[in-house]
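Here's the structure, in structure tokens; my notes come after.
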Amino acid sequence: MDIFINNIISLLKDKIPLSVEEIEGLIEIPPDIKMGDYAFPCFAIAKQLRKDPKKVASELSQELVPPAQLSSLGGSDIIIRISAHGPYLNFYVSKNMLFKTVLKGIFSEGDSYGGSDLGKGKTVVIDYSSPNIAKHLAVHHLRSAVIGNAIYNLYKTLGYKCVGINHLGDWGTQFGQLIVAFKRWGSEFEIPSVEDYKKQRTAGETGLDINKLNELYVRFHKEVKSDNSLEDEARDWFRKLEKGSEEAREIWQYFKDISLEEFDRVYKRLGVKFDSYAGESFYNDMLGDTVNRIKDAGLSEISEDALIVNLDKYDMPPCILRKKDEASLYATRDICAAEYRKREYGFDKMIYVVGSEQRLHFKQFFKVLELMGYKWVDDCVHVDFGLIKFKHGKMSTREGKVILLEDLLEESCKIAKEIMEGKNPDLENKAEVANDVGIGAIIFSELSTKRVKDVLFDWDEVLNFDGETGPYVQYTHARLCSVLRKYGEKVTTDIDHDLLREDDELILVKRLEAFPLFILRAAKYYEPSILSKHLLDLCSTFNRYYQHHRILTDDAELRKARIMLVDSIRQVIKNGLSILGLKSPERM
RNA sequence: GCGCCCGUAGCUCAGAAGGAUAGAGCAACGGUUUCCUAAACCGUAGGUCGGAGGUUCGAAUCCUCUCGGGCGUACCA
């Protein structure tokens with residue numbers, strides 16, 4: 001724990017009727033650096049003592065000063081001043097000590113600054129992205145992938161072993177629909193037959209465009225409006241698929257191959273990675289055992305010809321395990337997958353990064369896990385997020401009205417390139433940097449607001465590179481790198497910390513000091529935006545500082561000291577961006 | 001109908017989990033580049049924190065009610 005807070009606690013504990021834990025919980029950071037570095041609000045003890053909090057604060061400040069006495073009280077010169085400000089007791093720490101501990105810490109920890117070994121020996125399973133096969137990745141697939149990836153990195157930074165799973169939607173009635181559509185209209189869309197496709201593949205040719213498959217899907221939903229029997233036909237095909245029909249299986253594999261090629265391309269561009277692609281189909285052979293366990297536990301019943309777990313007692317609709325046509329449902333597959341993951345990975349925590357429209361589903365299937373006697377259900381959490389909405393109504397894959405993720409990424413990189421042509425035309429690896437910045441803008445815009453909020457998709461806003469954006473953070477990083485390049489000498493921790501006495505320098509070092517804390521909070525609440533906001537704060541403080549104070553001054557000692565600070569800021573921004581999944585170009 | 005989520009500046013959002021004077025960005029207007037990257041910085045303007053009660057020394061934050069929006073509500077995921 002923080003040496004400063006520790007010190008304050010040791011000073012206070014004999015003077016006030018509160019436990020160490022209580023004191024620690026009450027200590028806060030004042031809103032303004034003029035009010036000191038830490039504050040202790042006296043409301044709680046004032047109530048106990050039935051005294052005026054202001055009076056308590058001022059009495060305590062009398063008792064605790066002068067600082068000269070602190071050493072003899074077992075403290076040191078860590079706290080240099082204590083004063084009462086209204087009902088608050090404000091503590092001022094040694095700036096020299098603050099700068100020294102923070103800057104040296106960052107310098108020695110480097111890329112690992114901000115992390116810890118909190119999760120040592122523990123495993124976290126994270127389920128994210130999980131798109132449906134045979135459809136494009138559209139903008140609404142972005143959130144889960146990007147949030148999940150950031151949460152993965154957050155936990156990894158904290159020392160957890162992470163297992164990222166892309167629970168592909170590669171099973172379900174929709175495949176029956178696709179098979180029907182493929183058989184009926186495949187040639188119309190010039191989709192190669194299974195045989196031709198297999199030949200192409202062995203010849204090393206890449207598959208066809210996923211657009212074709214998407215068109216099939218759209219066509220099916222168009223036709224089904226006038227021909228109901230198509231639905232029955234589709235259900236029939238899915239049942240065949242589940243029962244292991246060779247023909248169905250081949251078509252399914254065909255679609256899956258094509259989809260994964262497209263997905264991999266986009267994931268690679270986004271920098272999103274997975275440790276496992278075990279999708280819904282992976283569990284097909286285990287489904288029977290899972291259902292039997294539920295049956296044997298006496299949890300299931302037949303209702304309206306379907307096999308369900310009745311959840312009336314818990315004020316929820318039933319969890320359906322098997323439809324009347326015997327086919328499985330996603331709840332069954334999710335229960336089965338959870339059991340499998342517990343067996344396979346022995347996780348200490350399992351995180352599902354899935355949209356908030358599936359809240360009820362998660363409540364239901366977590367309840368079933370609980371009823372099955374799995375106490376590890378308490379370690380499972382649905383990390384939900386709001387929908388992406390559009391100005392012109394809802395976007396729907398079924399109607400083919402979507403903004404493709406790849407188009408968005410492409411557009412963003414194009415704009416980044418154009419801006420760079422104007423601002424830094426001599427840059428060597430422009431294409432690469434434009435890519436880093438363009439993608440960074442998209443990722444950051446997803447991660448900079450709290451996940452629960454619905455977001456209205458707006459091209460202008462997503463493609464804005466000014467203000468609180470990814471490019472702003474990256475730009476700040478590039479600026480810092482530029483200063484360090486111009487400095488040209490080796491950065492050293494051997495500096496006179498007393499030379500750093502500007503207000504902004506103090507604010508900066510405090511933000512650097514708080515960085516690990518924000519990582520911790522972001523992980524605890526599964527909320528990458530906590531980290532994004534902190535980086536923005538750090539950047540805007542630095543940019544203000546940079547505007548008003550010269551770093552490469554003529555004063556050699558001061559220059560050395562400021563460079564140390566600059567290098568620390570650079571390091572922290574880089575570490576933070578890396579967790580969020582953004583690159584940190586050194587020039588842009 | 002019922003359940004869950006969200007209402008803070010014209011727009012998009014913060015607000016260290018009840019505390020010291022409600023903050024940013026975008027958009028608007030006005031400034032800053034012989035000087036370390038102007039993707040930046042500074043200034044002006046903009047608020048009954050959806051509304052009404054309540055709890056508390058103290059509420060944007062907690063409770064109740066109410067209005068507005070979103071999502072969900074047995075064989076899609």
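Each chain in the structure tokens gets a letter, A, B and so on, in the order shown; residues start at 1 in every chain, and ligands are counted from 1 in the order they appear.
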When you look at segment 61-75 of chain B with a cut-off of 9 Å (counting only C-alpha atoms (C1' of nucleotides)), what residues show up, excluding the ones that are within fewer than 3 positions of it in the same chain? I need them as a PyMOL selection string.
(chain A and resi 304+306+308+316-325+329+356-360+386-387+454) or (chain B and resi 2-7+17-18+50-55)
Show me, as a Markdown table, the residues of chain A having an atom within 6 Å of chain B, each with the closest atom pair and its distance in Å, using only C-alpha atoms (C1' of nucleotides).
| residue | atom | partner | partner_atom | distance |
| --- | --- | --- | --- | --- |
| A:Lys323 | CA | B:C75 | C1' | 4.8 |
| A:Glu357 | CA | B:C71 | C1' | 5.4 |
| A:Asp466 | CA | B:A39 | C1' | 5.9 |
| A:Gly467 | CA | B:G25 | C1' | 5.4 |
| A:Glu468 | CA | B:G25 | C1' | 5.4 |
| A:Arg479 | CA | B:U37 | C1' | 5.9 |
| A:Val483 | CA | B:C36 | C1' | 5.4 |
| A:Gln547 | CA | B:C41 | C1' | 5.9 |
Output for the residues just chosen: N, CA, C and O atoms as an mmCIF file, in the first residue's frame:
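Okay, this is what ended up in selection14.cif:
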data_model
loop_
_atom_site.group_PDB
_atom_site.id
_atom_site.type_symbol
_atom_site.label_atom_id
_atom_site.label_comp_id
_atom_site.auth_asym_id
_atom_site.auth_seq_id
_atom_site.Cartn_x
_atom_site.Cartn_y
_atom_site.Cartn_z
ATOM 1 N N LYS A 323 -36.282 -27.951 -28.028
ATOM 2 C CA LYS A 323 -37.529 -27.547 -28.672
ATOM 3 C C LYS A 323 -38.377 -28.779 -28.945
ATOM 4 O O LYS A 323 -37.923 -29.908 -28.827
ATOM 5 N N GLU A 357 -29.117 -6.849 -24.340
ATOM 6 C CA GLU A 357 -30.402 -7.433 -24.718
ATOM 7 C C GLU A 357 -30.478 -8.901 -24.315
ATOM 8 O O GLU A 357 -31.535 -9.507 -24.327
ATOM 9 N N ASP A 466 -10.197 14.938 -33.196
ATOM 10 C CA ASP A 466 -9.836 16.041 -32.292
ATOM 11 C C ASP A 466 -10.472 15.837 -30.932
ATOM 12 O O ASP A 466 -11.522 15.227 -30.819
ATOM 13 N N GLY A 467 -9.866 16.429 -29.924
ATOM 14 C CA GLY A 467 -10.468 16.356 -28.597
ATOM 15 C C GLY A 467 -10.262 15.002 -27.948
ATOM 16 O O GLY A 467 -9.228 14.370 -28.142
ATOM 17 N N GLU A 468 -11.257 14.560 -27.200
ATOM 18 C CA GLU A 468 -11.124 13.327 -26.424
ATOM 19 C C GLU A 468 -11.205 12.088 -27.313
ATOM 20 O O GLU A 468 -12.219 11.395 -27.337
ATOM 21 N N ARG A 479 4.285 13.323 -29.375
ATOM 22 C CA ARG A 479 4.929 14.558 -28.949
ATOM 23 C C ARG A 479 6.002 14.272 -27.904
ATOM 24 O O ARG A 479 7.109 14.797 -27.951
ATOM 25 N N VAL A 483 10.066 14.988 -28.119
ATOM 26 C CA VAL A 483 10.891 15.733 -27.170
ATOM 27 C C VAL A 483 12.092 14.884 -26.744
ATOM 28 O O VAL A 483 13.230 15.365 -26.695
ATOM 29 N N GLN A 547 2.463 23.318 -23.291
ATOM 30 C CA GLN A 547 2.206 24.621 -23.906
ATOM 31 C C GLN A 547 2.831 25.766 -23.110
ATOM 32 O O GLN A 547 3.260 26.753 -23.666
#
Could you write out, as a VMD selection string, all the residues of segment 504-583 of chain A that DSSP marks as helix (DSSP H, G or I)?
chain A and resid 504 to 524 528 to 548 556 to 580
Using only C-alpha atoms (C1' of nucleotides), which protein or nucleic acid residues come within 9 Å of Gly159 of chain A? Drop anything in the same chain fewer than 6 positions from it, and give the result as a PyMOL selection string.
chain A and resi 115-122
Need the shell around segment 31-44 of chain A: protein/DNA/RNA residues with any atom at most 9 Å away, counting only C-alpha atoms (C1' of nucleotides). Skip same-chain ones fewer than 6 positions apart. Format as a PyMOL selection string?
(chain A and resi 4-5+8+23+52-54+56-57+81-83+85+87-93+503+506-507+510) or (chain B and resi 19-20+57)
Between atom CA of Ala523 of chain A and atom CA of Leu158 of chain A, distance in Å (one decimal)
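A separation of 8.5 Å between them.
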Taking only segment 32-273 of chain A into account, list the residues labelled strand (DSSP E or B) by DSSP (computed from the backbone), as JSON, numbers by chain.
{"A": [38, 39, 40, 41, 79, 80, 81, 82, 83, 84, 85, 88, 89, 90, 91, 92, 93, 123, 124, 125, 126, 127, 132, 138, 161, 162, 163, 164, 165, 169]}
Output file for the selection above: N, CA and C atoms, as a PDB file, in the first residue's frame:
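Generated output (again-v5.pdb):
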ATOM      1  N   TYR A  38      -3.723  14.639   0.424  1.00  0.00           N
ATOM      2  CA  TYR A  38      -4.716  13.694   0.944  1.00  0.00           C
ATOM      3  C   TYR A  38      -5.575  14.439   1.957  1.00  0.00           C
ATOM      4  N   ALA A  39      -6.783  13.955   2.132  1.00  0.00           N
ATOM      5  CA  ALA A  39      -7.660  14.613   3.090  1.00  0.00           C
ATOM      6  C   ALA A  39      -8.382  13.581   3.944  1.00  0.00           C
ATOM      7  N   PHE A  40      -8.618  13.978   5.166  1.00  0.00           N
ATOM      8  CA  PHE A  40      -9.411  13.126   6.051  1.00  0.00           C
ATOM      9  C   PHE A  40     -10.644  13.903   6.486  1.00  0.00           C
ATOM     10  N   PRO A  41     -11.836  13.469   6.053  1.00  0.00           N
ATOM     11  CA  PRO A  41     -13.058  14.165   6.446  1.00  0.00           C
ATOM     12  C   PRO A  41     -13.427  13.807   7.883  1.00  0.00           C
ATOM     13  N   ILE A  79       5.209  13.249   5.550  1.00  0.00           N
ATOM     14  CA  ILE A  79       4.147  14.247   5.616  1.00  0.00           C
ATOM     15  C   ILE A  79       4.771  15.535   6.113  1.00  0.00           C
ATOM     16  N   ILE A  80       4.642  16.597   5.348  1.00  0.00           N
ATOM     17  CA  ILE A  80       5.325  17.818   5.764  1.00  0.00           C
ATOM     18  C   ILE A  80       4.414  18.873   6.352  1.00  0.00           C
ATOM     19  N   ARG A  81       3.107  18.747   6.107  1.00  0.00           N
ATOM     20  CA  ARG A  81       2.226  19.748   6.657  1.00  0.00           C
ATOM     21  C   ARG A  81       0.829  19.166   6.834  1.00  0.00           C
ATOM     22  N   ILE A  82       0.195  19.575   7.943  1.00  0.00           N
ATOM     23  CA  ILE A  82      -1.174  19.140   8.182  1.00  0.00           C
ATOM     24  C   ILE A  82      -1.979  20.360   8.542  1.00  0.00           C
ATOM     25  N   SER A  83      -3.091  20.578   7.860  1.00  0.00           N
ATOM     26  CA  SER A  83      -3.877  21.746   8.214  1.00  0.00           C
ATOM     27  C   SER A  83      -5.357  21.450   8.100  1.00  0.00           C
ATOM     28  N   ALA A  84      -6.134  22.208   8.852  1.00  0.00           N
ATOM     29  CA  ALA A  84      -7.577  22.034   8.816  1.00  0.00           C
ATOM     30  C   ALA A  84      -8.157  22.997   7.794  1.00  0.00           C
ATOM     31  N   HIS A  85      -9.095  22.475   7.043  1.00  0.00           N
ATOM     32  CA  HIS A  85      -9.765  23.304   6.048  1.00  0.00           C
ATOM     33  C   HIS A  85     -11.236  22.958   6.168  1.00  0.00           C
ATOM     34  N   TYR A  88     -12.405  19.343   7.010  1.00  0.00           N
ATOM     35  CA  TYR A  88     -11.407  18.410   6.475  1.00  0.00           C
ATOM     36  C   TYR A  88     -10.048  18.640   7.088  1.00  0.00           C
ATOM     37  N   LEU A  89      -9.344  17.550   7.279  1.00  0.00           N
ATOM     38  CA  LEU A  89      -7.966  17.610   7.720  1.00  0.00           C
ATOM     39  C   LEU A  89      -7.115  17.307   6.485  1.00  0.00           C
ATOM     40  N   ASN A  90      -6.336  18.287   6.067  1.00  0.00           N
ATOM     41  CA  ASN A  90      -5.577  18.119   4.826  1.00  0.00           C
ATOM     42  C   ASN A  90      -4.113  17.820   5.086  1.00  0.00           C
ATOM     43  N   PHE A  91      -3.600  16.847   4.349  1.00  0.00           N
ATOM     44  CA  PHE A  91      -2.208  16.424   4.509  1.00  0.00           C
ATOM     45  C   PHE A  91      -1.403  16.787   3.274  1.00  0.00           C
ATOM     46  N   TYR A  92      -0.239  17.357   3.517  1.00  0.00           N
ATOM     47  CA  TYR A  92       0.661  17.692   2.416  1.00  0.00           C
ATOM     48  C   TYR A  92       1.878  16.790   2.527  1.00  0.00           C
ATOM     49  N   VAL A  93       2.156  16.070   1.445  1.00  0.00           N
ATOM     50  CA  VAL A  93       3.289  15.149   1.499  1.00  0.00           C
ATOM     51  C   VAL A  93       4.536  15.816   0.924  1.00  0.00           C
ATOM     52  N   THR A 123      -7.108 -18.054 -12.919  1.00  0.00           N
ATOM     53  CA  THR A 123      -7.459 -18.079 -14.336  1.00  0.00           C
ATOM     54  C   THR A 123      -8.793 -17.380 -14.573  1.00  0.00           C
ATOM     55  N   VAL A 124      -8.795 -16.561 -15.615  1.00  0.00           N
ATOM     56  CA  VAL A 124     -10.031 -15.894 -16.011  1.00  0.00           C
ATOM     57  C   VAL A 124     -10.378 -16.316 -17.434  1.00  0.00           C
ATOM     58  N   VAL A 125     -11.603 -16.772 -17.623  1.00  0.00           N
ATOM     59  CA  VAL A 125     -12.076 -17.091 -18.965  1.00  0.00           C
ATOM     60  C   VAL A 125     -12.918 -15.913 -19.437  1.00  0.00           C
ATOM     61  N   ILE A 126     -12.630 -15.430 -20.633  1.00  0.00           N
ATOM     62  CA  ILE A 126     -13.386 -14.298 -21.165  1.00  0.00           C
ATOM     63  C   ILE A 126     -13.976 -14.678 -22.515  1.00  0.00           C
ATOM     64  N   ASP A 127     -15.283 -14.534 -22.592  1.00  0.00           N
ATOM     65  CA  ASP A 127     -16.028 -14.893 -23.791  1.00  0.00           C
ATOM     66  C   ASP A 127     -16.417 -13.589 -24.479  1.00  0.00           C
ATOM     67  N   ASN A 132     -22.001 -14.453 -35.313  1.00  0.00           N
ATOM     68  CA  ASN A 132     -22.622 -15.559 -36.018  1.00  0.00           C
ATOM     69  C   ASN A 132     -21.915 -15.798 -37.342  1.00  0.00           C
ATOM     70  N   ALA A 138     -20.272  -6.547 -38.683  1.00  0.00           N
ATOM     71  CA  ALA A 138     -20.763  -5.176 -38.856  1.00  0.00           C
ATOM     72  C   ALA A 138     -20.383  -4.354 -37.636  1.00  0.00           C
ATOM     73  N   LYS A 161      -4.057 -15.489 -15.418  1.00  0.00           N
ATOM     74  CA  LYS A 161      -3.949 -16.234 -16.660  1.00  0.00           C
ATOM     75  C   LYS A 161      -5.286 -16.064 -17.372  1.00  0.00           C
ATOM     76  N   CYS A 162      -5.237 -15.597 -18.606  1.00  0.00           N
ATOM     77  CA  CYS A 162      -6.481 -15.312 -19.312  1.00  0.00           C
ATOM     78  C   CYS A 162      -6.692 -16.286 -20.460  1.00  0.00           C
ATOM     79  N   VAL A 163      -7.942 -16.682 -20.629  1.00  0.00           N
ATOM     80  CA  VAL A 163      -8.301 -17.519 -21.766  1.00  0.00           C
ATOM     81  C   VAL A 163      -9.398 -16.786 -22.533  1.00  0.00           C
ATOM     82  N   GLY A 164      -9.042 -16.313 -23.719  1.00  0.00           N
ATOM     83  CA  GLY A 164     -10.010 -15.586 -24.534  1.00  0.00           C
ATOM     84  C   GLY A 164     -10.724 -16.547 -25.468  1.00  0.00           C
ATOM     85  N   ILE A 165     -12.037 -16.574 -25.354  1.00  0.00           N
ATOM     86  CA  ILE A 165     -12.796 -17.521 -26.174  1.00  0.00           C
ATOM     87  C   ILE A 165     -13.744 -16.795 -27.122  1.00  0.00           C
ATOM     88  N   GLY A 169     -21.032 -18.238 -33.131  1.00  0.00           N
ATOM     89  CA  GLY A 169     -22.421 -18.648 -33.343  1.00  0.00           C
ATOM     90  C   GLY A 169     -22.489 -19.506 -34.588  1.00  0.00           C
TER      91      GLY A 169
END
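Pairwise distance (atom CA of Asp264 of chain A, atom CA of Leu404 of chain A) equals 14.8 Å.
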By how many Å are atom CA of Thr173 of chain A and atom CA of Phe189 of chain A apart?
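Distance reported for this atom pair: 21.8 Å.
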Neighbours of Asn292 of chain A within 12 Å (only C-alpha atoms (C1' of nucleotides); same-chain residues fewer than 2 positions away dropped), as a PyMOL selection string?
chain A and resi 286-290+294-301+307+321-322+332+336+372
Give me a file of those residues, with N, CA and C atoms, as a PDB file, in the first residue's frame.
ATOM      1  N   MET A 286     -21.597 -33.040 -26.534  1.00  0.00           N
ATOM      2  CA  MET A 286     -21.669 -33.065 -25.058  1.00  0.00           C
ATOM      3  C   MET A 286     -23.042 -32.670 -24.537  1.00  0.00           C
ATOM      4  N   LEU A 287     -23.883 -32.191 -25.461  1.00  0.00           N
ATOM      5  CA  LEU A 287     -25.186 -31.667 -25.077  1.00  0.00           C
ATOM      6  C   LEU A 287     -26.047 -32.703 -24.351  1.00  0.00           C
ATOM      7  N   GLY A 288     -25.986 -33.937 -24.854  1.00  0.00           N
ATOM      8  CA  GLY A 288     -26.811 -34.990 -24.278  1.00  0.00           C
ATOM      9  C   GLY A 288     -26.510 -35.202 -22.801  1.00  0.00           C
ATOM     10  N   ASP A 289     -25.223 -35.238 -22.469  1.00  0.00           N
ATOM     11  CA  ASP A 289     -24.822 -35.436 -21.070  1.00  0.00           C
ATOM     12  C   ASP A 289     -25.316 -34.301 -20.193  1.00  0.00           C
ATOM     13  N   THR A 290     -25.188 -33.112 -20.715  1.00  0.00           N
ATOM     14  CA  THR A 290     -25.637 -31.952 -19.943  1.00  0.00           C
ATOM     15  C   THR A 290     -27.136 -32.047 -19.665  1.00  0.00           C
ATOM     16  N   ILE A 294     -29.249 -32.460 -16.009  1.00  0.00           N
ATOM     17  CA  ILE A 294     -30.350 -31.595 -15.568  1.00  0.00           C
ATOM     18  C   ILE A 294     -31.593 -32.435 -15.265  1.00  0.00           C
ATOM     19  N   LYS A 295     -31.837 -33.401 -16.130  1.00  0.00           N
ATOM     20  CA  LYS A 295     -32.975 -34.312 -15.921  1.00  0.00           C
ATOM     21  C   LYS A 295     -32.818 -35.076 -14.609  1.00  0.00           C
ATOM     22  N   ASP A 296     -31.627 -35.666 -14.423  1.00  0.00           N
ATOM     23  CA  ASP A 296     -31.371 -36.498 -13.247  1.00  0.00           C
ATOM     24  C   ASP A 296     -31.499 -35.698 -11.956  1.00  0.00           C
ATOM     25  N   ALA A 297     -31.200 -34.437 -12.050  1.00  0.00           N
ATOM     26  CA  ALA A 297     -31.318 -33.597 -10.857  1.00  0.00           C
ATOM     27  C   ALA A 297     -32.778 -33.221 -10.610  1.00  0.00           C
ATOM     28  N   GLY A 298     -33.641 -33.690 -11.504  1.00  0.00           N
ATOM     29  CA  GLY A 298     -35.068 -33.423 -11.333  1.00  0.00           C
ATOM     30  C   GLY A 298     -35.452 -31.985 -11.593  1.00  0.00           C
ATOM     31  N   LEU A 299     -34.683 -31.315 -12.407  1.00  0.00           N
ATOM     32  CA  LEU A 299     -34.936 -29.891 -12.640  1.00  0.00           C
ATOM     33  C   LEU A 299     -35.826 -29.637 -13.850  1.00  0.00           C
ATOM     34  N   SER A 300     -35.867 -30.630 -14.744  1.00  0.00           N
ATOM     35  CA  SER A 300     -36.543 -30.367 -16.018  1.00  0.00           C
ATOM     36  C   SER A 300     -37.945 -30.968 -16.057  1.00  0.00           C
ATOM     37  N   GLU A 301     -38.706 -30.491 -16.989  1.00  0.00           N
ATOM     38  CA  GLU A 301     -40.037 -31.042 -17.212  1.00  0.00           C
ATOM     39  C   GLU A 301     -40.428 -30.785 -18.663  1.00  0.00           C
ATOM     40  N   LEU A 307     -38.678 -29.423 -23.725  1.00  0.00           N
ATOM     41  CA  LEU A 307     -38.042 -29.755 -22.454  1.00  0.00           C
ATOM     42  C   LEU A 307     -37.544 -28.463 -21.818  1.00  0.00           C
ATOM     43  N   LEU A 321     -34.555 -26.095 -22.923  1.00  0.00           N
ATOM     44  CA  LEU A 321     -33.383 -26.908 -23.232  1.00  0.00           C
ATOM     45  C   LEU A 321     -33.505 -27.563 -24.595  1.00  0.00           C
ATOM     46  N   ARG A 322     -34.740 -28.003 -24.919  1.00  0.00           N
ATOM     47  CA  ARG A 322     -34.950 -28.677 -26.193  1.00  0.00           C
ATOM     48  C   ARG A 322     -36.289 -28.294 -26.763  1.00  0.00           C
ATOM     49  N   THR A 332     -29.096 -24.265 -23.821  1.00  0.00           N
ATOM     50  CA  THR A 332     -28.518 -25.595 -23.584  1.00  0.00           C
ATOM     51  C   THR A 332     -27.018 -25.565 -23.872  1.00  0.00           C
ATOM     52  N   CYS A 336     -23.855 -26.106 -21.262  1.00  0.00           N
ATOM     53  CA  CYS A 336     -22.876 -27.135 -21.577  1.00  0.00           C
ATOM     54  C   CYS A 336     -21.473 -26.533 -21.686  1.00  0.00           C
ATOM     55  N   MET A 372     -28.250 -26.598 -10.563  1.00  0.00           N
ATOM     56  CA  MET A 372     -27.512 -27.835 -10.789  1.00  0.00           C
ATOM     57  C   MET A 372     -26.481 -28.072  -9.694  1.00  0.00           C
TER      58      MET A 372
END
When you look at segment 222-232 of chain A with a cut-off of 8 Å (counting only C-alpha atoms (C1' of nucleotides)), what residues show up, excluding the ones that are within fewer than 2 positions of it in the same chain? I need them as a PyMOL selection string.
chain A and resi 177+180+218-220+234-236+399
Writer output for current selection, N, CA, C and O atoms, as a compact mmCIF listing (two decimals), in the first residue's frame:
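The resulting file, again17.txt, is reproduced below:
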# COMPACT_ATOMS: atom_id res chain seq x y z
N GLN A 177 -31.64 -22.55 -42.09
CA GLN A 177 -32.09 -21.53 -43.03
C GLN A 177 -31.08 -21.35 -44.15
O GLN A 177 -31.43 -21.27 -45.33
N VAL A 180 -31.06 -24.30 -46.59
CA VAL A 180 -32.21 -24.21 -47.50
C VAL A 180 -31.93 -23.17 -48.59
O VAL A 180 -32.11 -23.43 -49.78
N VAL A 218 -30.21 -12.96 -46.33
CA VAL A 218 -31.20 -11.91 -46.59
C VAL A 218 -32.34 -12.46 -47.46
O VAL A 218 -33.51 -12.21 -47.20
N ARG A 219 -31.94 -13.22 -48.48
CA ARG A 219 -32.92 -13.79 -49.39
C ARG A 219 -33.91 -14.69 -48.66
O ARG A 219 -35.12 -14.62 -48.87
N PHE A 220 -33.36 -15.51 -47.77
CA PHE A 220 -34.22 -16.42 -47.03
C PHE A 220 -35.31 -15.65 -46.29
O PHE A 220 -36.49 -15.99 -46.34
N ALA A 234 -36.26 -25.38 -42.98
CA ALA A 234 -35.02 -24.96 -42.31
C ALA A 234 -34.84 -25.70 -41.00
O ALA A 234 -33.76 -26.21 -40.68
N ARG A 235 -35.92 -25.79 -40.24
CA ARG A 235 -35.84 -26.51 -38.96
C ARG A 235 -35.43 -27.95 -39.19
O ARG A 235 -34.65 -28.53 -38.44
N ASP A 236 -35.99 -28.51 -40.25
CA ASP A 236 -35.70 -29.89 -40.59
C ASP A 236 -34.20 -30.07 -40.89
O ASP A 236 -33.58 -31.03 -40.43
N GLU A 399 -32.23 -7.82 -42.98
CA GLU A 399 -32.65 -7.03 -44.11
C GLU A 399 -31.44 -6.55 -44.91
O GLU A 399 -31.59 -5.85 -45.91
Would you mind listing what lies within 6 Å of segment 435-448 of chain A as an mmCIF file with C-alpha atoms, in the first residue's frame, with only C-alpha atoms (C1' of nucleotides) counted and same-chain residues fewer than 2 positions away left out?
data_model
loop_
_atom_site.group_PDB
_atom_site.id
_atom_site.type_symbol
_atom_site.label_atom_id
_atom_site.label_comp_id
_atom_site.auth_asym_id
_atom_site.auth_seq_id
_atom_site.Cartn_x
_atom_site.Cartn_y
_atom_site.Cartn_z
ATOM 1 C CA SER A 412 -11.059 5.713 -40.681
ATOM 2 C CA CYS A 413 -7.593 4.766 -41.923
ATOM 3 C CA ALA A 416 -5.988 9.346 -40.898
ATOM 4 C CA GLU A 432 1.450 1.872 -41.120
ATOM 5 C CA VAL A 433 0.969 4.880 -38.879
ATOM 6 C CA GLY A 470 -7.661 7.917 -29.575
ATOM 7 C CA PRO A 471 -5.590 10.065 -31.944
ATOM 8 C CA PRO A 528 -12.184 -0.052 -19.823
ATOM 9 C CA SER A 529 -13.534 3.516 -20.042
ATOM 10 C CA SER A 532 -9.499 5.675 -21.142
ATOM 11 C CA LEU A 582 -4.129 0.712 -29.398
ATOM 12 C CA LYS A 583 -0.714 1.153 -30.906
#
